[in-house]
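Note: the block below is final.cif and it holds mmCIF, C-alpha atoms and all ligand atoms.
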```cif
data_run
loop_
_atom_site.group_PDB
_atom_site.id
_atom_site.type_symbol
_atom_site.label_atom_id
_atom_site.label_comp_id
_atom_site.auth_asym_id
_atom_site.auth_seq_id
_atom_site.Cartn_x
_atom_site.Cartn_y
_atom_site.Cartn_z
ATOM 1 C CA MET A 1 55.186 39.768 -23.871
ATOM 2 C CA ARG A 2 51.676 40.484 -22.696
ATOM 3 C CA TRP A 3 50.651 40.994 -19.082
ATOM 4 C CA LEU A 4 47.250 41.148 -17.520
ATOM 5 C CA ALA A 5 46.328 44.642 -16.419
ATOM 6 C CA LEU A 6 46.153 44.167 -12.675
ATOM 7 C CA ALA A 7 48.297 47.168 -11.866
ATOM 8 C CA SER A 8 45.404 49.399 -10.865
ATOM 9 C CA LEU A 9 43.950 46.775 -8.506
ATOM 10 C CA CYS A 10 47.378 46.094 -7.017
ATOM 11 C CA GLY A 11 47.857 49.803 -6.468
ATOM 12 C CA LEU A 12 44.564 50.039 -4.576
ATOM 13 C CA ILE A 13 45.212 47.158 -2.199
ATOM 14 C CA GLY A 14 48.981 47.590 -1.900
ATOM 15 C CA CYS A 15 49.676 44.174 -3.394
ATOM 16 C CA THR A 16 53.296 43.450 -4.251
ATOM 17 C CA SER A 17 52.855 40.178 -6.183
ATOM 18 C CA PRO A 18 54.143 40.261 -9.770
ATOM 19 C CA PRO A 19 51.697 40.789 -12.630
ATOM 20 C CA VAL A 20 50.218 37.660 -14.180
ATOM 21 C CA ARG A 21 51.686 36.691 -17.537
ATOM 22 C CA LEU A 22 49.058 36.316 -20.215
ATOM 23 C CA PRO A 23 49.442 32.973 -22.101
ATOM 24 C CA PRO A 24 50.086 33.397 -25.841
ATOM 25 C CA ASP A 25 46.686 31.967 -26.831
ATOM 26 C CA ALA A 26 44.644 34.135 -24.459
ATOM 27 C CA ALA A 27 42.418 36.924 -25.725
ATOM 28 C CA PRO A 28 44.080 40.320 -25.161
ATOM 29 C CA ASP A 29 41.154 41.358 -22.949
ATOM 30 C CA ALA A 30 40.890 38.014 -21.086
ATOM 31 C CA GLU A 31 39.486 38.044 -17.579
ATOM 32 C CA LEU A 32 41.555 36.249 -14.946
ATOM 33 C CA LEU A 33 39.798 33.769 -12.708
ATOM 34 C CA THR A 34 41.906 32.131 -10.018
ATOM 35 C CA VAL A 35 40.588 28.990 -8.327
ATOM 36 C CA GLU A 36 42.376 26.203 -6.490
ATOM 37 C CA GLY A 37 44.684 24.413 -8.928
ATOM 38 C CA PHE A 38 43.917 26.622 -11.948
ATOM 39 C CA ARG A 39 44.310 30.078 -13.446
ATOM 40 C CA LEU A 40 41.680 30.680 -16.081
ATOM 41 C CA PHE A 41 42.029 33.354 -18.757
ATOM 42 C CA VAL A 42 38.510 33.693 -20.075
ATOM 43 C CA GLU A 43 37.693 35.674 -23.198
ATOM 44 C CA PRO A 44 34.760 37.987 -22.417
ATOM 45 C CA GLY A 45 31.486 36.379 -23.533
ATOM 46 C CA ALA A 46 32.952 32.860 -23.811
ATOM 47 C CA LEU A 47 31.161 31.461 -20.743
ATOM 48 C CA ASP A 48 27.873 32.269 -19.058
ATOM 49 C CA ASP A 49 27.579 31.650 -15.311
ATOM 50 C CA GLU A 50 26.323 28.089 -15.739
ATOM 51 C CA ALA A 51 29.041 27.119 -18.225
ATOM 52 C CA GLU A 52 31.701 28.641 -15.978
ATOM 53 C CA GLU A 53 30.437 26.687 -12.993
ATOM 54 C CA GLN A 54 30.382 23.448 -15.014
ATOM 55 C CA LEU A 55 33.897 23.986 -16.335
ATOM 56 C CA LEU A 56 35.299 24.705 -12.871
ATOM 57 C CA ALA A 57 33.604 21.611 -11.442
ATOM 58 C CA GLU A 58 34.938 19.441 -14.305
ATOM 59 C CA LEU A 59 38.481 20.775 -13.936
ATOM 60 C CA ARG A 60 38.511 20.307 -10.162
ATOM 61 C CA VAL A 61 37.344 16.683 -10.310
ATOM 62 C CA ALA A 62 39.542 15.844 -13.300
ATOM 63 C CA ARG A 63 42.686 17.283 -11.719
ATOM 64 C CA GLU A 64 42.169 15.483 -8.425
ATOM 65 C CA ARG A 65 41.515 12.099 -10.070
ATOM 66 C CA LEU A 66 44.229 12.438 -12.694
ATOM 67 C CA GLU A 67 46.873 13.373 -10.125
ATOM 68 C CA GLU A 68 45.903 10.316 -8.120
ATOM 69 C CA TRP A 69 45.905 8.034 -11.159
ATOM 70 C CA LEU A 70 49.096 9.373 -12.759
ATOM 71 C CA GLY A 71 51.044 9.409 -9.474
ATOM 72 C CA PRO A 72 54.808 9.519 -10.086
ATOM 73 C CA ALA A 73 54.215 9.551 -13.865
ATOM 74 C CA MET A 74 53.015 13.178 -13.634
ATOM 75 C CA SER A 75 55.120 15.532 -15.774
ATOM 76 C CA PRO A 76 53.048 18.731 -15.789
ATOM 77 C CA GLY A 77 53.843 21.087 -18.630
ATOM 78 C CA ASP A 78 56.788 18.955 -19.802
ATOM 79 C CA PHE A 79 56.507 19.227 -23.585
ATOM 80 C CA ARG A 80 59.494 18.205 -25.678
ATOM 81 C CA PRO A 81 60.113 18.103 -29.420
ATOM 82 C CA ARG A 82 59.066 14.840 -31.038
ATOM 83 C CA GLY A 83 61.757 12.202 -30.777
ATOM 84 C CA THR A 84 63.053 13.471 -27.416
ATOM 85 C CA PRO A 85 62.408 10.801 -24.779
ATOM 86 C CA ARG A 86 61.720 12.116 -21.290
ATOM 87 C CA SER A 87 63.201 9.196 -19.426
ATOM 88 C CA HIS A 88 64.663 5.752 -19.946
ATOM 89 C CA CYS A 89 63.582 4.588 -16.508
ATOM 90 C CA PRO A 90 60.029 3.707 -15.526
ATOM 91 C CA PRO A 91 58.641 5.782 -12.643
ATOM 92 C CA ASP A 92 58.939 4.190 -9.217
ATOM 93 C CA TRP A 93 55.281 3.504 -8.417
ATOM 94 C CA GLU A 94 55.986 2.452 -4.851
ATOM 95 C CA PHE A 95 58.470 5.048 -3.647
ATOM 96 C CA GLY A 96 58.604 7.635 -6.442
ATOM 97 C CA PRO A 97 57.937 11.239 -5.476
ATOM 98 C CA ARG A 98 54.398 12.518 -5.904
ATOM 99 C CA VAL A 99 54.593 15.443 -8.273
ATOM 100 C CA VAL A 100 52.253 18.329 -7.525
ATOM 101 C CA SER A 101 51.476 20.564 -10.462
ATOM 102 C CA PRO A 102 51.482 24.327 -9.941
ATOM 103 C CA PRO A 103 48.209 26.031 -10.930
ATOM 104 C CA VAL A 104 47.384 25.021 -14.501
ATOM 105 C CA PRO A 105 46.838 27.942 -16.908
ATOM 106 C CA VAL A 106 43.561 27.437 -18.802
ATOM 107 C CA VAL A 107 42.748 29.696 -21.739
ATOM 108 C CA VAL A 108 39.084 29.772 -22.751
ATOM 109 C CA ARG A 109 38.214 31.289 -26.135
ATOM 110 C CA ARG A 110 34.799 31.951 -27.637
ATOM 111 C CA ALA A 111 35.542 30.388 -31.016
ATOM 112 C CA ALA A 112 35.487 26.684 -31.839
ATOM 113 C CA LEU A 113 39.262 26.675 -32.223
ATOM 114 C CA ARG A 114 41.471 23.606 -32.039
ATOM 115 C CA CYS A 115 41.816 22.728 -28.364
ATOM 116 C CA HIS A 116 45.383 21.919 -27.346
ATOM 117 C CA ALA A 117 47.902 21.685 -24.539
ATOM 118 C CA ASP A 118 51.515 22.825 -24.436
ATOM 119 C CA GLY A 119 54.072 24.092 -21.966
ATOM 120 C CA HIS A 120 51.965 27.244 -21.432
ATOM 121 C CA GLY A 121 48.901 25.336 -20.232
ATOM 122 C CA ILE A 122 45.707 24.277 -21.961
ATOM 123 C CA THR A 123 43.524 26.121 -24.459
ATOM 124 C CA VAL A 124 39.908 25.252 -25.079
ATOM 125 C CA GLY A 125 37.193 26.671 -27.313
ATOM 126 C CA ALA A 126 33.926 27.206 -25.452
ATOM 127 C CA PRO A 127 31.837 25.331 -28.097
ATOM 128 C CA HIS A 128 33.833 22.139 -27.320
ATOM 129 C CA LEU A 129 33.421 22.141 -23.555
ATOM 130 C CA ASP A 130 30.380 19.840 -23.569
ATOM 131 C CA ALA A 131 32.540 17.127 -25.180
ATOM 132 C CA ARG A 132 34.957 17.219 -22.204
ATOM 133 C CA HIS A 133 37.817 18.640 -24.227
ATOM 134 C CA ALA A 134 39.056 20.445 -21.099
ATOM 135 C CA SER A 135 39.638 17.079 -19.370
ATOM 136 C CA HIS A 136 41.315 15.673 -22.491
ATOM 137 C CA GLU A 137 43.743 18.605 -22.653
ATOM 138 C CA LEU A 138 44.353 18.430 -18.910
ATOM 139 C CA VAL A 139 45.554 14.821 -19.338
ATOM 140 C CA HIS A 140 48.056 16.028 -21.952
ATOM 141 C CA TYR A 141 49.267 18.826 -19.674
ATOM 142 C CA LEU A 142 49.647 16.733 -16.520
ATOM 143 C CA ALA A 143 51.197 13.697 -18.252
ATOM 144 C CA GLY A 144 53.521 15.753 -20.478
ATOM 145 C CA SER A 145 54.193 15.117 -24.145
ATOM 146 C CA SER A 146 54.744 11.785 -25.877
ATOM 147 C CA TRP A 147 54.254 10.432 -29.403
ATOM 148 C CA HIS A 148 51.234 9.359 -31.468
ATOM 149 C CA PRO A 149 49.286 7.205 -30.823
ATOM 150 C CA VAL A 150 50.158 6.804 -27.131
ATOM 151 C CA ASP A 151 49.746 10.491 -26.175
ATOM 152 C CA GLU A 152 46.297 10.880 -27.730
ATOM 153 C CA GLY A 153 45.363 7.354 -26.669
ATOM 154 C CA LEU A 154 46.085 8.178 -23.033
ATOM 155 C CA ALA A 155 44.072 11.416 -23.175
ATOM 156 C CA VAL A 156 41.088 9.667 -24.773
ATOM 157 C CA TYR A 157 41.278 6.665 -22.427
ATOM 158 C CA LEU A 158 41.518 8.738 -19.236
ATOM 159 C CA THR A 159 38.765 11.106 -20.342
ATOM 160 C CA GLU A 160 36.556 8.029 -20.730
ATOM 161 C CA ARG A 161 37.580 6.782 -17.278
ATOM 162 C CA LEU A 162 36.614 10.164 -15.853
ATOM 163 C CA TRP A 163 33.334 10.809 -17.610
ATOM 164 C CA GLY A 164 32.269 7.684 -19.501
ATOM 165 C CA GLY A 165 32.370 6.942 -23.222
ATOM 166 C CA ASP A 166 31.746 9.648 -25.792
ATOM 167 C CA ARG A 167 27.993 9.499 -26.564
ATOM 168 C CA GLY A 168 27.819 6.625 -24.106
ATOM 169 C CA VAL A 169 29.762 4.170 -26.297
ATOM 170 C CA PRO A 170 32.942 2.720 -24.714
ATOM 171 C CA LEU A 171 36.188 2.869 -26.686
ATOM 172 C CA ARG A 172 36.576 -0.904 -26.936
ATOM 173 C CA ILE A 173 33.105 -1.183 -28.499
ATOM 174 C CA ARG A 174 33.939 1.591 -30.951
ATOM 175 C CA ALA A 175 37.137 -0.262 -31.873
ATOM 176 C CA ARG A 176 35.098 -3.423 -32.419
ATOM 177 C CA VAL A 177 32.757 -1.613 -34.780
ATOM 178 C CA TYR A 178 35.682 -0.170 -36.778
ATOM 179 C CA ARG A 179 37.186 -3.661 -36.970
ATOM 180 C CA ASP A 180 33.952 -5.245 -38.154
ATOM 181 C CA LEU A 181 33.464 -2.537 -40.778
ATOM 182 C CA ASN A 182 37.046 -3.039 -41.957
ATOM 183 C CA LEU A 183 37.920 0.508 -40.865
ATOM 184 C CA ARG A 184 40.555 -0.239 -38.286
ATOM 185 C CA GLY A 185 43.106 2.168 -39.813
ATOM 186 C CA THR A 186 46.694 2.376 -38.664
ATOM 187 C CA LEU A 187 48.540 3.231 -35.461
ATOM 188 C CA ASP A 188 51.779 3.960 -37.335
ATOM 189 C CA PRO A 189 53.292 7.112 -35.754
ATOM 190 C CA GLN A 190 54.727 8.244 -39.108
ATOM 191 C CA VAL A 191 51.272 8.266 -40.667
ATOM 192 C CA LEU A 192 49.512 9.761 -37.628
ATOM 193 C CA HIS A 193 52.070 12.550 -37.220
ATOM 194 C CA GLY A 194 52.259 13.158 -40.952
ATOM 195 C CA GLU A 195 48.584 13.119 -41.903
ATOM 196 C CA GLY A 196 46.949 14.007 -38.604
ATOM 197 C CA MET A 197 44.466 11.883 -36.667
ATOM 198 C CA SER A 198 40.825 11.284 -37.543
ATOM 199 C CA ARG A 199 38.072 10.630 -35.003
ATOM 200 C CA ARG A 200 38.535 6.923 -35.755
ATOM 201 C CA ASP A 201 42.268 7.191 -35.024
ATOM 202 C CA TYR A 202 41.576 8.808 -31.639
ATOM 203 C CA ASP A 203 39.090 6.091 -30.722
ATOM 204 C CA VAL A 204 41.371 3.224 -31.758
ATOM 205 C CA ALA A 205 44.370 4.843 -30.024
ATOM 206 C CA GLY A 206 42.305 5.160 -26.829
ATOM 207 C CA ALA A 207 41.157 1.532 -27.015
ATOM 208 C CA PHE A 208 44.745 0.358 -27.682
ATOM 209 C CA VAL A 209 46.199 2.356 -24.768
ATOM 210 C CA GLY A 210 43.415 1.100 -22.491
ATOM 211 C CA TRP A 211 44.175 -2.477 -23.526
ATOM 212 C CA LEU A 212 47.931 -1.994 -22.968
ATOM 213 C CA ILE A 213 47.372 -0.559 -19.479
ATOM 214 C CA GLU A 214 44.754 -3.105 -18.437
ATOM 215 C CA SER A 215 46.744 -6.049 -19.835
ATOM 216 C CA TYR A 216 50.295 -5.144 -18.836
ATOM 217 C CA GLY A 217 49.978 -2.425 -16.177
ATOM 218 C CA LYS A 218 50.640 1.270 -15.775
ATOM 219 C CA ALA A 219 54.365 0.970 -15.038
ATOM 220 C CA LYS A 220 55.154 -0.580 -18.409
ATOM 221 C CA PHE A 221 52.868 1.825 -20.220
ATOM 222 C CA PHE A 222 54.612 4.877 -18.777
ATOM 223 C CA GLU A 223 57.974 3.383 -19.638
ATOM 224 C CA LEU A 224 56.691 3.305 -23.217
ATOM 225 C CA TYR A 225 55.099 6.763 -22.893
ATOM 226 C CA ALA A 226 58.236 8.502 -21.633
ATOM 227 C CA GLY A 227 60.690 6.559 -23.755
ATOM 228 C CA ALA A 228 61.773 6.401 -27.366
ATOM 229 C CA GLU A 229 59.117 6.344 -30.080
ATOM 230 C CA ARG A 230 57.888 2.821 -30.954
ATOM 231 C CA ASN A 231 60.066 1.066 -28.379
ATOM 232 C CA TYR A 232 57.401 -1.600 -27.842
ATOM 233 C CA TYR A 233 59.915 -4.422 -27.861
ATOM 234 C CA GLY A 234 62.156 -2.809 -25.236
ATOM 235 C CA VAL A 235 59.205 -2.421 -22.883
ATOM 236 C CA TYR A 236 56.957 -5.424 -23.595
ATOM 237 C CA ARG A 237 59.429 -7.872 -25.137
ATOM 238 C CA MET A 238 57.009 -8.040 -28.043
ATOM 239 C CA GLY A 239 57.200 -6.201 -31.323
ATOM 240 C CA GLU A 240 54.627 -3.646 -32.443
ATOM 241 C CA ARG A 241 53.054 -6.059 -34.925
ATOM 242 C CA ASP A 242 52.616 -8.764 -32.266
ATOM 243 C CA LEU A 243 51.076 -6.327 -29.802
ATOM 244 C CA LEU A 244 48.674 -4.946 -32.381
ATOM 245 C CA ASP A 245 47.645 -8.470 -33.405
ATOM 246 C CA ARG A 246 46.923 -9.324 -29.764
ATOM 247 C CA PHE A 247 44.997 -6.084 -29.310
ATOM 248 C CA TRP A 248 42.779 -6.686 -32.344
ATOM 249 C CA HIS A 249 42.303 -10.291 -31.317
ATOM 250 C CA ALA A 250 41.079 -9.147 -27.872
ATOM 251 C CA ILE A 251 38.733 -6.630 -29.521
ATOM 252 C CA GLY A 252 37.433 -9.363 -31.857
ATOM 253 C CA ALA A 253 36.730 -11.639 -28.895
ATOM 254 C CA LEU A 254 34.386 -9.168 -27.170
ATOM 255 C CA GLU A 255 30.823 -10.429 -26.793
ATOM 256 C CA VAL A 256 28.778 -7.870 -28.711
ATOM 257 C CA GLN A 257 25.821 -9.894 -29.998
ATOM 258 C CA ASP A 258 23.491 -8.407 -27.390
ATOM 259 C CA ASP A 259 25.293 -5.114 -26.872
ATOM 260 C CA GLY A 260 23.059 -2.187 -27.765
ATOM 261 C CA ASP A 261 26.015 0.240 -27.802
ATOM 262 C CA TYR A 262 27.629 -1.815 -30.546
ATOM 263 C CA TYR A 263 24.631 -1.528 -32.865
ATOM 264 C CA ARG A 264 24.039 2.114 -31.956
ATOM 265 C CA PHE A 265 27.602 3.090 -32.846
ATOM 266 C CA GLN A 266 27.484 1.013 -36.023
ATOM 267 C CA ALA A 267 24.336 2.885 -37.022
ATOM 268 C CA LEU A 268 25.939 6.251 -36.221
ATOM 269 C CA LEU A 269 28.956 5.351 -38.320
ATOM 270 C CA THR A 270 27.072 4.092 -41.330
ATOM 271 C CA ASP A 271 24.521 6.917 -41.304
ATOM 272 C CA LEU A 272 26.561 9.823 -42.633
ATOM 273 C CA SER A 273 24.006 12.345 -41.458
ATOM 274 C CA GLY A 274 24.220 11.110 -37.884
ATOM 275 C CA PHE A 275 27.961 11.162 -37.177
HETATM 276 ZN ZN ZN B 1 44.680 15.402 -27.659
#
```
Could I get this file's structure written as structure tokens?
Ligand SMILES: [Zn+2]
Amino acid sequence: MRWLALASLCGLIGCTSPPVRLPPDAAPDAELLTVEGFRLFVEPGALDDEAEEQLLAELRVARERLEEWLGPAMSPGDFRPRGTPRSHCPPDWEFGPRVVSPPVPVVVRRAALRCHADGHGITVGAPHLDARHASHELVHYLAGSSWHPVDEGLAVYLTERLWGGDRGVPLRIRARVYRDLNLRGTLDPQVLHGEGMSRRDYDVAGAFVGWLIESYGKAKFFELYAGAERNYYGVYRMGERDLLDRFWHAIGALEVQDDGDYYRFQALLTDLSGF
């Protein structure tokens, strides 16, 4: 187990608090930065002053808004093996307790590593910070684990609610472009867990989760999120196939004839050099 070397400082000021445990993904020489709601373990050289300020501002706003939005569905740091439902009961949105997360550990590395969240906190690579990966991982951490596509869909959808669509193109418009180009892919958990998720899969998952929440409400969605994998029928009284058909029908009914984002994303997707 690794611990941050604060002993000398503690000795000087007579502090009796325990040493801070270094998360497994942190650089051995990480610098600790403690701010309200977060403990950052920053690899030396990963952030200049401006990037550090931007990251702290993003994390502060994201945490405040996500806690408000998630309400009693918060399950900070609750990561379970796949196939282990967290709860069979939907959270009580009216009277359920408001969960307050302890400070979230945030590891920042210099390399463009794979950003992720787990029971230890979130880990982000500095080169990905401009794409709001810190907010995406914070959704995972605060909401706790679930199964594909609903876990990634929620992270993508809420990151869009916080900061707007990636490159300015909303998820539902992206989904419409994939549909029209016959690239809609699959939301089958077996395939997504087995083969991994492409950028397209993330976008479609985000659009699907957004549609589920906006059509049927948060309470039902979190019943699905915390429950058994693929239990669409138990929650919505509709099978997976029916729900997906309704989702794609809603995407197909969007008015896009005069939507500049639609044509811009289509151009990005069909120009291999641009996306
Ligand atoms: Zn994710």
Near-ligand residues for ligand ZN 1 (chain B), threshold 7 Å, all atoms listed in the file, as a list in words: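 Answer in the requested format: His116, His136, Glu137, His140, Glu152 and Ala155 of chain A.
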Would you save the residues from that selection as an mmCIF file, in the frame of the given file, using C-alpha atoms?
```cif
data_model
loop_
_atom_site.group_PDB
_atom_site.id
_atom_site.type_symbol
_atom_site.label_atom_id
_atom_site.label_comp_id
_atom_site.auth_asym_id
_atom_site.auth_seq_id
_atom_site.Cartn_x
_atom_site.Cartn_y
_atom_site.Cartn_z
ATOM 1 C CA HIS A 116 45.383 21.919 -27.346
ATOM 2 C CA HIS A 136 41.315 15.673 -22.491
ATOM 3 C CA GLU A 137 43.743 18.605 -22.653
ATOM 4 C CA HIS A 140 48.056 16.028 -21.952
ATOM 5 C CA GLU A 152 46.297 10.880 -27.730
ATOM 6 C CA ALA A 155 44.072 11.416 -23.175
#
```
Spell out the residues picked by the PyMOL selection byres (((chain A and resi 153) around 8) and not hetatm) here, as a compact mmCIF listing (two decimals) with C-alpha atoms, in the frame of the given file.
```txt
# COMPACT_ATOMS: atom_id res chain seq x y z
CA HIS A 148 51.23 9.36 -31.47
CA PRO A 149 49.29 7.20 -30.82
CA VAL A 150 50.16 6.80 -27.13
CA ASP A 151 49.75 10.49 -26.18
CA GLU A 152 46.30 10.88 -27.73
CA LEU A 154 46.08 8.18 -23.03
CA ALA A 155 44.07 11.42 -23.18
CA VAL A 156 41.09 9.67 -24.77
CA TYR A 157 41.28 6.66 -22.43
CA TYR A 202 41.58 8.81 -31.64
CA ASP A 203 39.09 6.09 -30.72
CA VAL A 204 41.37 3.22 -31.76
CA ALA A 205 44.37 4.84 -30.02
CA GLY A 206 42.30 5.16 -26.83
CA ALA A 207 41.16 1.53 -27.02
CA PHE A 208 44.74 0.36 -27.68
CA VAL A 209 46.20 2.36 -24.77
CA GLY A 210 43.42 1.10 -22.49
```
Any idea what's packed within 10 Å of range 37-45 of chain A, counting only C-alpha atoms, ignoring anything in its chain fewer than 5 positions away? Could you give it as a PDB file with C-alpha atoms, keeping the file's coordinate frame?
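Contents of selection29.pdb, as written:
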```
ATOM      1  CA  LEU A   4      47.250  41.148 -17.520  1.00  0.00           C
ATOM      2  CA  VAL A  20      50.218  37.660 -14.180  1.00  0.00           C
ATOM      3  CA  LEU A  22      49.058  36.316 -20.215  1.00  0.00           C
ATOM      4  CA  PRO A  23      49.442  32.973 -22.101  1.00  0.00           C
ATOM      5  CA  ASP A  25      46.686  31.967 -26.831  1.00  0.00           C
ATOM      6  CA  ALA A  26      44.644  34.135 -24.459  1.00  0.00           C
ATOM      7  CA  ALA A  27      42.418  36.924 -25.725  1.00  0.00           C
ATOM      8  CA  PRO A  28      44.080  40.320 -25.161  1.00  0.00           C
ATOM      9  CA  ASP A  29      41.154  41.358 -22.949  1.00  0.00           C
ATOM     10  CA  ALA A  30      40.890  38.014 -21.086  1.00  0.00           C
ATOM     11  CA  GLU A  31      39.486  38.044 -17.579  1.00  0.00           C
ATOM     12  CA  LEU A  32      41.555  36.249 -14.946  1.00  0.00           C
ATOM     13  CA  GLU A  52      31.701  28.641 -15.978  1.00  0.00           C
ATOM     14  CA  LEU A  56      35.299  24.705 -12.871  1.00  0.00           C
ATOM     15  CA  LEU A  59      38.481  20.775 -13.936  1.00  0.00           C
ATOM     16  CA  ARG A  60      38.511  20.307 -10.162  1.00  0.00           C
ATOM     17  CA  ARG A  63      42.686  17.283 -11.719  1.00  0.00           C
ATOM     18  CA  GLU A  64      42.169  15.483  -8.425  1.00  0.00           C
ATOM     19  CA  VAL A 100      52.253  18.329  -7.525  1.00  0.00           C
ATOM     20  CA  SER A 101      51.476  20.564 -10.462  1.00  0.00           C
ATOM     21  CA  PRO A 102      51.482  24.327  -9.941  1.00  0.00           C
ATOM     22  CA  PRO A 103      48.209  26.031 -10.930  1.00  0.00           C
ATOM     23  CA  VAL A 104      47.384  25.021 -14.501  1.00  0.00           C
ATOM     24  CA  PRO A 105      46.838  27.942 -16.908  1.00  0.00           C
ATOM     25  CA  VAL A 106      43.561  27.437 -18.802  1.00  0.00           C
ATOM     26  CA  VAL A 107      42.748  29.696 -21.739  1.00  0.00           C
ATOM     27  CA  VAL A 108      39.084  29.772 -22.751  1.00  0.00           C
ATOM     28  CA  ARG A 109      38.214  31.289 -26.135  1.00  0.00           C
ATOM     29  CA  ARG A 110      34.799  31.951 -27.637  1.00  0.00           C
ATOM     30  CA  ALA A 111      35.542  30.388 -31.016  1.00  0.00           C
ATOM     31  CA  GLY A 121      48.901  25.336 -20.232  1.00  0.00           C
ATOM     32  CA  ILE A 122      45.707  24.277 -21.961  1.00  0.00           C
ATOM     33  CA  THR A 123      43.524  26.121 -24.459  1.00  0.00           C
ATOM     34  CA  VAL A 124      39.908  25.252 -25.079  1.00  0.00           C
ATOM     35  CA  GLY A 125      37.193  26.671 -27.313  1.00  0.00           C
ATOM     36  CA  ALA A 126      33.926  27.206 -25.452  1.00  0.00           C
TER      37      ALA A 126
END
```
Point (32.8, 27.8, -22.8) neighbourhood (6 Å, all atoms listed in the file) written as a PyMOL selection string: chain A and resi 46-47+51+126-127+129
Of the listed residues A:Val35, A:Ala131, A:Ile173, A:Leu268, that which approaches Trp248 in chain A most closely, counting all atoms listed in the file: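 Ranking A:Val35, A:Ala131, A:Ile173, A:Leu268 by distance to Trp248 in chain A, first place goes to A:Ile173.
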Target residues per the PyMOL selection byres (((chain A and resi 74) around 9) and not hetatm), formatted as an NGL selection string: :A and (66-67 or 70-73 or 75-76 or 98-101 or 142-144)
Taking C-alpha atoms for each residue, export the selection above as a short mmCIF file (atom, residue, chain, number, x, y, z; two decimals), in the coordinates of the input.
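Now in result.cif:
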```cif
data_model
loop_
_atom_site.label_atom_id
_atom_site.label_comp_id
_atom_site.auth_asym_id
_atom_site.auth_seq_id
_atom_site.Cartn_x
_atom_site.Cartn_y
_atom_site.Cartn_z
CA LEU A 66 44.23 12.44 -12.69
CA GLU A 67 46.87 13.37 -10.12
CA LEU A 70 49.10 9.37 -12.76
CA GLY A 71 51.04 9.41 -9.47
CA PRO A 72 54.81 9.52 -10.09
CA ALA A 73 54.22 9.55 -13.86
CA SER A 75 55.12 15.53 -15.77
CA PRO A 76 53.05 18.73 -15.79
CA ARG A 98 54.40 12.52 -5.90
CA VAL A 99 54.59 15.44 -8.27
CA VAL A 100 52.25 18.33 -7.52
CA SER A 101 51.48 20.56 -10.46
CA LEU A 142 49.65 16.73 -16.52
CA ALA A 143 51.20 13.70 -18.25
CA GLY A 144 53.52 15.75 -20.48
#
```
Length of the CA of His120 in chain A to CA of Pro24 in chain A vector [Å]: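 Computing it gives 7.8 Å between the two atoms.
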Residue contacts of Arg176 in chain A (9 Å, all atoms listed in the file) excluding same-chain residues fewer than 6 positions away, as an MDAnalysis selection string: chainID A and resid 184 248 251:252 254 256 262
Expected selection from the PyMOL selection byres (((chain A and resi 219) around 12) and not hetatm), given as a short mmCIF file (atom, residue, chain, number, x, y, z; two decimals) with C-alpha atoms, in the frame of the given file:
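The result, written out as out_7.cif:
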```
data_model
loop_
_atom_site.label_atom_id
_atom_site.label_comp_id
_atom_site.auth_asym_id
_atom_site.auth_seq_id
_atom_site.Cartn_x
_atom_site.Cartn_y
_atom_site.Cartn_z
CA TRP A 69 45.90 8.03 -11.16
CA LEU A 70 49.10 9.37 -12.76
CA GLY A 71 51.04 9.41 -9.47
CA PRO A 72 54.81 9.52 -10.09
CA ALA A 73 54.22 9.55 -13.86
CA CYS A 89 63.58 4.59 -16.51
CA PRO A 90 60.03 3.71 -15.53
CA PRO A 91 58.64 5.78 -12.64
CA ASP A 92 58.94 4.19 -9.22
CA TRP A 93 55.28 3.50 -8.42
CA GLU A 94 55.99 2.45 -4.85
CA GLY A 96 58.60 7.64 -6.44
CA LEU A 212 47.93 -1.99 -22.97
CA ILE A 213 47.37 -0.56 -19.48
CA GLU A 214 44.75 -3.10 -18.44
CA SER A 215 46.74 -6.05 -19.84
CA TYR A 216 50.30 -5.14 -18.84
CA GLY A 217 49.98 -2.42 -16.18
CA LYS A 218 50.64 1.27 -15.78
CA LYS A 220 55.15 -0.58 -18.41
CA PHE A 221 52.87 1.82 -20.22
CA PHE A 222 54.61 4.88 -18.78
CA GLU A 223 57.97 3.38 -19.64
CA LEU A 224 56.69 3.30 -23.22
CA TYR A 225 55.10 6.76 -22.89
CA ALA A 226 58.24 8.50 -21.63
CA VAL A 235 59.20 -2.42 -22.88
CA TYR A 236 56.96 -5.42 -23.60
#
```
Residue rebuild result range 114-118 of chain A, N, CA, C and O atoms as a PDB file, keeping the file's coordinate frame:
```pdb
ATOM      1  N   ARG A 114      40.911  24.914 -32.346  1.00  0.00           N
ATOM      2  CA  ARG A 114      41.471  23.606 -32.039  1.00  0.00           C
ATOM      3  C   ARG A 114      41.985  23.628 -30.603  1.00  0.00           C
ATOM      4  O   ARG A 114      42.881  24.400 -30.270  1.00  0.00           O
ATOM      5  N   CYS A 115      41.379  22.789 -29.761  1.00  0.00           N
ATOM      6  CA  CYS A 115      41.816  22.728 -28.364  1.00  0.00           C
ATOM      7  C   CYS A 115      43.196  22.075 -28.342  1.00  0.00           C
ATOM      8  O   CYS A 115      43.489  21.185 -29.136  1.00  0.00           O
ATOM      9  N   HIS A 116      44.055  22.519 -27.428  1.00  0.00           N
ATOM     10  CA  HIS A 116      45.383  21.919 -27.346  1.00  0.00           C
ATOM     11  C   HIS A 116      46.027  22.186 -25.997  1.00  0.00           C
ATOM     12  O   HIS A 116      45.524  22.983 -25.203  1.00  0.00           O
ATOM     13  N   ALA A 117      47.115  21.478 -25.754  1.00  0.00           N
ATOM     14  CA  ALA A 117      47.902  21.685 -24.539  1.00  0.00           C
ATOM     15  C   ALA A 117      49.356  21.858 -24.951  1.00  0.00           C
ATOM     16  O   ALA A 117      49.802  21.274 -25.936  1.00  0.00           O
ATOM     17  N   ASP A 118      50.074  22.680 -24.215  1.00  0.00           N
ATOM     18  CA  ASP A 118      51.515  22.825 -24.436  1.00  0.00           C
ATOM     19  C   ASP A 118      52.135  23.303 -23.125  1.00  0.00           C
ATOM     20  O   ASP A 118      51.472  23.315 -22.081  1.00  0.00           O
TER      21      ASP A 118
END
```
